[in-house]
Structure formats: structure tokens, C-alpha cells
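A.B. asks: Contents of data-v2.cif (mmCIF, C-alpha atoms) are below:
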data_run
loop_
_atom_site.group_PDB
_atom_site.id
_atom_site.type_symbol
_atom_site.label_atom_id
_atom_site.label_comp_id
_atom_site.auth_asym_id
_atom_site.auth_seq_id
_atom_site.Cartn_x
_atom_site.Cartn_y
_atom_site.Cartn_z
ATOM 1 C CA GLN A 1 8.287 -10.602 9.467
ATOM 2 C CA VAL A 2 6.848 -14.027 8.836
ATOM 3 C CA GLN A 3 8.386 -17.435 9.383
ATOM 4 C CA LEU A 4 6.935 -20.297 7.385
ATOM 5 C CA VAL A 5 7.240 -23.993 8.145
ATOM 6 C CA GLU A 6 5.945 -26.582 5.714
ATOM 7 C CA SER A 7 4.979 -30.158 6.545
ATOM 8 C CA GLY A 8 3.083 -33.060 5.067
ATOM 9 C CA GLY A 9 5.450 -34.085 2.327
ATOM 10 C CA GLY A 10 6.505 -37.668 1.816
ATOM 11 C CA LEU A 11 6.101 -40.638 -0.474
ATOM 12 C CA VAL A 12 2.804 -40.985 -2.313
ATOM 13 C CA GLN A 13 1.729 -43.446 -4.949
ATOM 14 C CA ALA A 14 0.717 -42.091 -8.339
ATOM 15 C CA GLY A 15 -3.012 -41.449 -8.278
ATOM 16 C CA GLY A 16 -3.000 -40.910 -4.540
ATOM 17 C CA SER A 17 -3.506 -37.848 -2.363
ATOM 18 C CA LEU A 18 -1.441 -35.756 -0.021
ATOM 19 C CA ARG A 19 -2.091 -32.611 1.983
ATOM 20 C CA LEU A 20 0.664 -30.119 2.615
ATOM 21 C CA SER A 21 0.499 -27.626 5.459
ATOM 22 C CA CYS A 22 2.349 -24.399 6.091
ATOM 23 C CA VAL A 23 2.230 -22.777 9.511
ATOM 24 C CA ALA A 24 3.035 -19.093 9.639
ATOM 25 C CA SER A 25 4.583 -17.417 12.639
ATOM 26 C CA VAL A 26 3.936 -13.715 12.383
ATOM 27 C CA ALA A 27 6.012 -11.187 14.284
ATOM 28 C CA SER A 28 4.446 -9.493 17.268
ATOM 29 C CA GLY A 29 1.810 -7.035 16.134
ATOM 30 C CA GLY A 30 1.408 -8.753 12.788
ATOM 31 C CA ASN A 31 -1.578 -10.624 11.457
ATOM 32 C CA PHE A 32 -1.679 -13.638 9.161
ATOM 33 C CA ARG A 33 -4.796 -12.170 7.561
ATOM 34 C CA LEU A 34 -2.653 -9.403 6.075
ATOM 35 C CA TYR A 35 -0.765 -11.829 3.854
ATOM 36 C CA ASP A 36 -1.359 -13.274 0.442
ATOM 37 C CA MET A 37 -0.039 -16.824 0.324
ATOM 38 C CA GLY A 38 1.287 -19.171 -2.306
ATOM 39 C CA TRP A 39 2.729 -22.588 -3.019
ATOM 40 C CA PHE A 40 5.647 -23.132 -5.364
ATOM 41 C CA ARG A 41 7.625 -26.223 -6.263
ATOM 42 C CA GLN A 42 11.020 -27.111 -7.622
ATOM 43 C CA PRO A 43 11.407 -30.461 -9.371
ATOM 44 C CA PRO A 44 14.882 -32.023 -9.401
ATOM 45 C CA GLY A 45 17.158 -30.220 -11.861
ATOM 46 C CA LYS A 46 14.518 -27.637 -12.762
ATOM 47 C CA GLU A 47 13.629 -24.103 -11.779
ATOM 48 C CA ARG A 48 11.072 -23.230 -9.156
ATOM 49 C CA GLU A 49 7.550 -22.884 -10.515
ATOM 50 C CA PHE A 50 4.231 -21.527 -9.343
ATOM 51 C CA VAL A 51 1.648 -24.022 -8.099
ATOM 52 C CA ALA A 52 -1.170 -22.143 -6.367
ATOM 53 C CA ALA A 53 -2.008 -18.913 -4.567
ATOM 54 C CA ILE A 54 -4.693 -17.448 -2.354
ATOM 55 C CA ASN A 55 -5.195 -13.821 -1.459
ATOM 56 C CA TRP A 56 -5.424 -12.419 2.061
ATOM 57 C CA SER A 57 -9.198 -12.781 2.309
ATOM 58 C CA GLY A 58 -9.420 -16.186 0.678
ATOM 59 C CA GLY A 59 -11.715 -14.686 -1.917
ATOM 60 C CA ARG A 60 -9.310 -15.217 -4.769
ATOM 61 C CA THR A 61 -7.490 -18.438 -5.544
ATOM 62 C CA GLY A 62 -5.602 -19.682 -8.548
ATOM 63 C CA VAL A 63 -3.640 -22.754 -9.568
ATOM 64 C CA ALA A 64 -1.209 -23.537 -12.350
ATOM 65 C CA ASP A 65 -2.598 -25.217 -15.437
ATOM 66 C CA SER A 66 -0.495 -28.298 -14.708
ATOM 67 C CA VAL A 67 -2.397 -28.962 -11.458
ATOM 68 C CA LYS A 68 -5.814 -27.574 -12.319
ATOM 69 C CA GLY A 69 -8.598 -29.908 -11.290
ATOM 70 C CA ARG A 70 -6.247 -31.879 -9.015
ATOM 71 C CA PHE A 71 -4.785 -29.468 -6.455
ATOM 72 C CA ALA A 72 -6.585 -26.974 -4.238
ATOM 73 C CA ILE A 73 -5.267 -24.237 -1.982
ATOM 74 C CA SER A 74 -6.962 -23.061 1.191
ATOM 75 C CA ARG A 75 -6.175 -21.211 4.383
ATOM 76 C CA ASP A 76 -7.275 -21.342 7.995
ATOM 77 C CA ASP A 77 -6.656 -17.925 9.480
ATOM 78 C CA ALA A 78 -7.559 -19.056 12.983
ATOM 79 C CA ARG A 79 -4.662 -21.518 12.808
ATOM 80 C CA ASN A 80 -2.294 -19.320 10.762
ATOM 81 C CA THR A 81 -2.091 -22.217 8.349
ATOM 82 C CA LEU A 82 -2.018 -22.598 4.587
ATOM 83 C CA TYR A 83 -2.903 -25.891 2.907
ATOM 84 C CA LEU A 84 -2.354 -27.549 -0.436
ATOM 85 C CA GLN A 85 -4.595 -30.512 -1.116
ATOM 86 C CA MET A 86 -3.002 -32.682 -3.763
ATOM 87 C CA ASN A 87 -5.219 -35.268 -5.466
ATOM 88 C CA LYS A 88 -4.587 -37.609 -8.392
ATOM 89 C CA VAL A 89 -0.880 -37.080 -7.928
ATOM 90 C CA LYS A 90 1.321 -37.732 -10.944
ATOM 91 C CA PRO A 91 5.050 -38.567 -11.167
ATOM 92 C CA ASP A 92 5.623 -35.061 -12.586
ATOM 93 C CA ASP A 93 4.393 -33.613 -9.281
ATOM 94 C CA ALA A 94 7.496 -34.872 -7.488
ATOM 95 C CA ALA A 95 9.352 -31.833 -6.175
ATOM 96 C CA ALA A 96 10.309 -29.794 -3.173
ATOM 97 C CA TYR A 97 7.245 -27.725 -2.285
ATOM 98 C CA TYR A 98 7.635 -24.258 -0.803
ATOM 99 C CA CYS A 99 5.198 -22.017 0.993
ATOM 100 C CA ALA A 100 5.486 -18.277 0.345
ATOM 101 C CA ALA A 101 3.926 -15.098 1.732
ATOM 102 C CA LYS A 102 3.639 -11.452 0.777
ATOM 103 C CA ILE A 103 1.958 -8.556 2.494
ATOM 104 C CA ARG A 104 -1.275 -7.615 0.828
ATOM 105 C CA ARG A 105 -1.187 -4.521 -1.351
ATOM 106 C CA SER A 106 -3.688 -2.406 -3.210
ATOM 107 C CA GLY A 107 -4.105 -3.030 -6.908
ATOM 108 C CA PRO A 108 -4.445 -6.245 -8.911
ATOM 109 C CA PHE A 109 -3.545 -9.442 -7.144
ATOM 110 C CA SER A 110 -0.583 -11.220 -8.698
ATOM 111 C CA TYR A 111 -0.678 -14.950 -8.138
ATOM 112 C CA THR A 112 2.935 -15.534 -9.086
ATOM 113 C CA ASP A 113 5.029 -12.495 -8.181
ATOM 114 C CA GLY A 114 6.126 -10.404 -5.226
ATOM 115 C CA TYR A 115 6.535 -13.016 -2.517
ATOM 116 C CA GLU A 116 8.767 -11.832 0.293
ATOM 117 C CA TYR A 117 8.942 -14.746 2.687
ATOM 118 C CA TRP A 118 9.688 -18.392 1.986
ATOM 119 C CA GLY A 119 9.678 -21.615 3.923
ATOM 120 C CA GLN A 120 12.376 -24.260 3.843
ATOM 121 C CA GLY A 121 10.333 -26.658 1.769
ATOM 122 C CA THR A 122 8.887 -30.138 2.092
ATOM 123 C CA GLN A 123 9.726 -32.950 -0.291
ATOM 124 C CA VAL A 124 7.088 -34.833 -2.243
ATOM 125 C CA THR A 125 8.119 -38.108 -3.869
ATOM 126 C CA VAL A 126 5.799 -39.967 -6.208
ATOM 127 C CA SER A 127 6.046 -43.670 -6.880
ATOM 128 C CA SER A 128 4.637 -44.980 -10.134
#
Would you write out, as C-alpha cells, the structure that this file holds?
C.D. replies:
Amino acid sequence: QVQLVESGGGLVQAGGSLRLSCVASVASGGNFRLYDMGWFRQPPGKEREFVAAINWSGGRTGVADSVKGRFAISRDDARNTLYLQMNKVKPDDAAAYYCAAKIRRSGPFSYTDGYEYWGQGTQVTVSS
């Protein structure tokens, strides 16, 4: 079991930067390093969409085409924390951002599918 709590959302001016954090509380006996992690977002009136993911070791990362070159995902296993660095923010980036986790498995790493645990979300608002 993993509980995820996002923070860092707020109002940002277009062209500005924001860093989102997600702290994971892992059940006794668990280990944050066993989990692949991801960020998703849901703009107003739209479906949730993939933003970025990082595998359990940090050796594999991927971002959606819409944020490539602007957003970066990272993790700090010592702090049980996932980050999303958002640069050159655009109005289209306004959304509720969600952190997600899934236990690592053998086989190909899927950036977008199989997430088992979700946070409550943090809102990002972009002023133009």
C-alpha cells in the first residue's frame, strides 16, 4: 500500500516555472524504490492524460510530447519523493496534476498504464 500526497501547485504566469512534489508513504515493510512513478493531469472538462513517468531505478524516464523539452520528472528515493519540474509553462498546462505509483514488474516498462495508487491531486493555474 502506498499513499501519495502532491504539493506545489498554484498560480503561475505563462512562461514561468513550477515544481510539483509527491511524497509517498509506503506501508510498513514496503520500499519506495520498488515503485514506478508517474504524473498525470486532467484539464477542466477533459479526460486525464499522461504527463511523465520514471521507473523504479530512475534509469528510464519519459514525458508526453506536449511537454517534451519543458517538463522533467525525477525522484529522490531517500526522501520518498517524486518531482515534476515544469518550465516554460503554457496556458494549456493548466490542470489538476496527479501523482501515481505502481509496483515494479518484470517485462517492458509501460510509461502510461498499470498504475495502482493515486494521489488527490494539486491544481495548476496558468495566467496569460
A.B. asks: Please expand the PyMOL selection byres ((chain A and resi 32-37) around 6) into the concrete residues it hits in this file, giving the result as number ranges by chain.
C.D. replies: A: 31, 38, 53-56, 80, 100-104
A.B. asks: Which residues would end up in the selection if the PyMOL selection byres ((chain A and resi 12) around 12) were applied here, given that I need the answer as a list in words?
C.D. replies: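 For this structure, the PyMOL selection byres ((chain A and resi 12) around 12) resolves to Gly8, Gly9, Gly10, Leu11, Gln13, Ala14, Gly15, Gly16, Ser17, Leu18, Arg19, Met86, Asn87, Lys88, Val89, Lys90, Pro91, Asp93, Ala94, Ala95, Gln123, Val124, Thr125, Val126, Ser127 and Ser128 of chain A.
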A.B. asks: Please report the interatomic distance between atom CA of Gly62 of chain A and atom CA of Val23 of chain A in Å with one decimal.
C.D. replies: 19.9 Å
A.B. asks: Pull out every residue that the PyMOL selection byres ((chain A and resi 66) around 12) matches in the shown coordinates and put them as an NGL selection string.
C.D. replies: :A and (41 or 49-52 or 62-65 or 67-71 or 88-90 or 92-93)
A.B. asks: As an exercise, work out the distance from atom CA of Trp39 of chain A to atom CA of Gly119 of chain A in Å and give it to one decimal place.
C.D. replies: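 Value for the atom CA of Trp39 of chain A-atom CA of Gly119 of chain A distance: 9.9 Å.
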A.B. asks: Out of A:Tyr83, A:Phe109, A:Tyr115, A:Tyr98, which residue has the shortest atom-to-atom distance to Ser21 of chain A when counting only C-alpha atoms?
C.D. replies: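 Smallest distance to Ser21 of chain A is found for A:Tyr83.
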A.B. asks: In terms of the shortest atom-to-atom distance over all atoms listed in the file, which of A:Gln42, A:Ser74, A:Gln1, A:Thr61 is closest to Ser110 of chain A?
C.D. replies: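 Ranking A:Gln42, A:Ser74, A:Gln1, A:Thr61 by distance to Ser110 of chain A, first place goes to A:Thr61.
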A.B. asks: Return as AutoDock Vina command-line options the box centre and box size in Å, one decimal, for an axis-aligned box around all listed atoms of segment 60-76 of chain A padded by 8 Å per side.
C.D. replies:
--center_x -4.9 --center_y -23.5 --center_z -3.7 --size_x 24.8 --size_y 32.7 --size_z 39.4
A.B. asks: Looking at A:Gln85, A:Pro43, A:Arg75, A:Val2, which one is nearest to Ser57 of chain A, with distances taken over only C-alpha atoms?
C.D. replies: A:Arg75
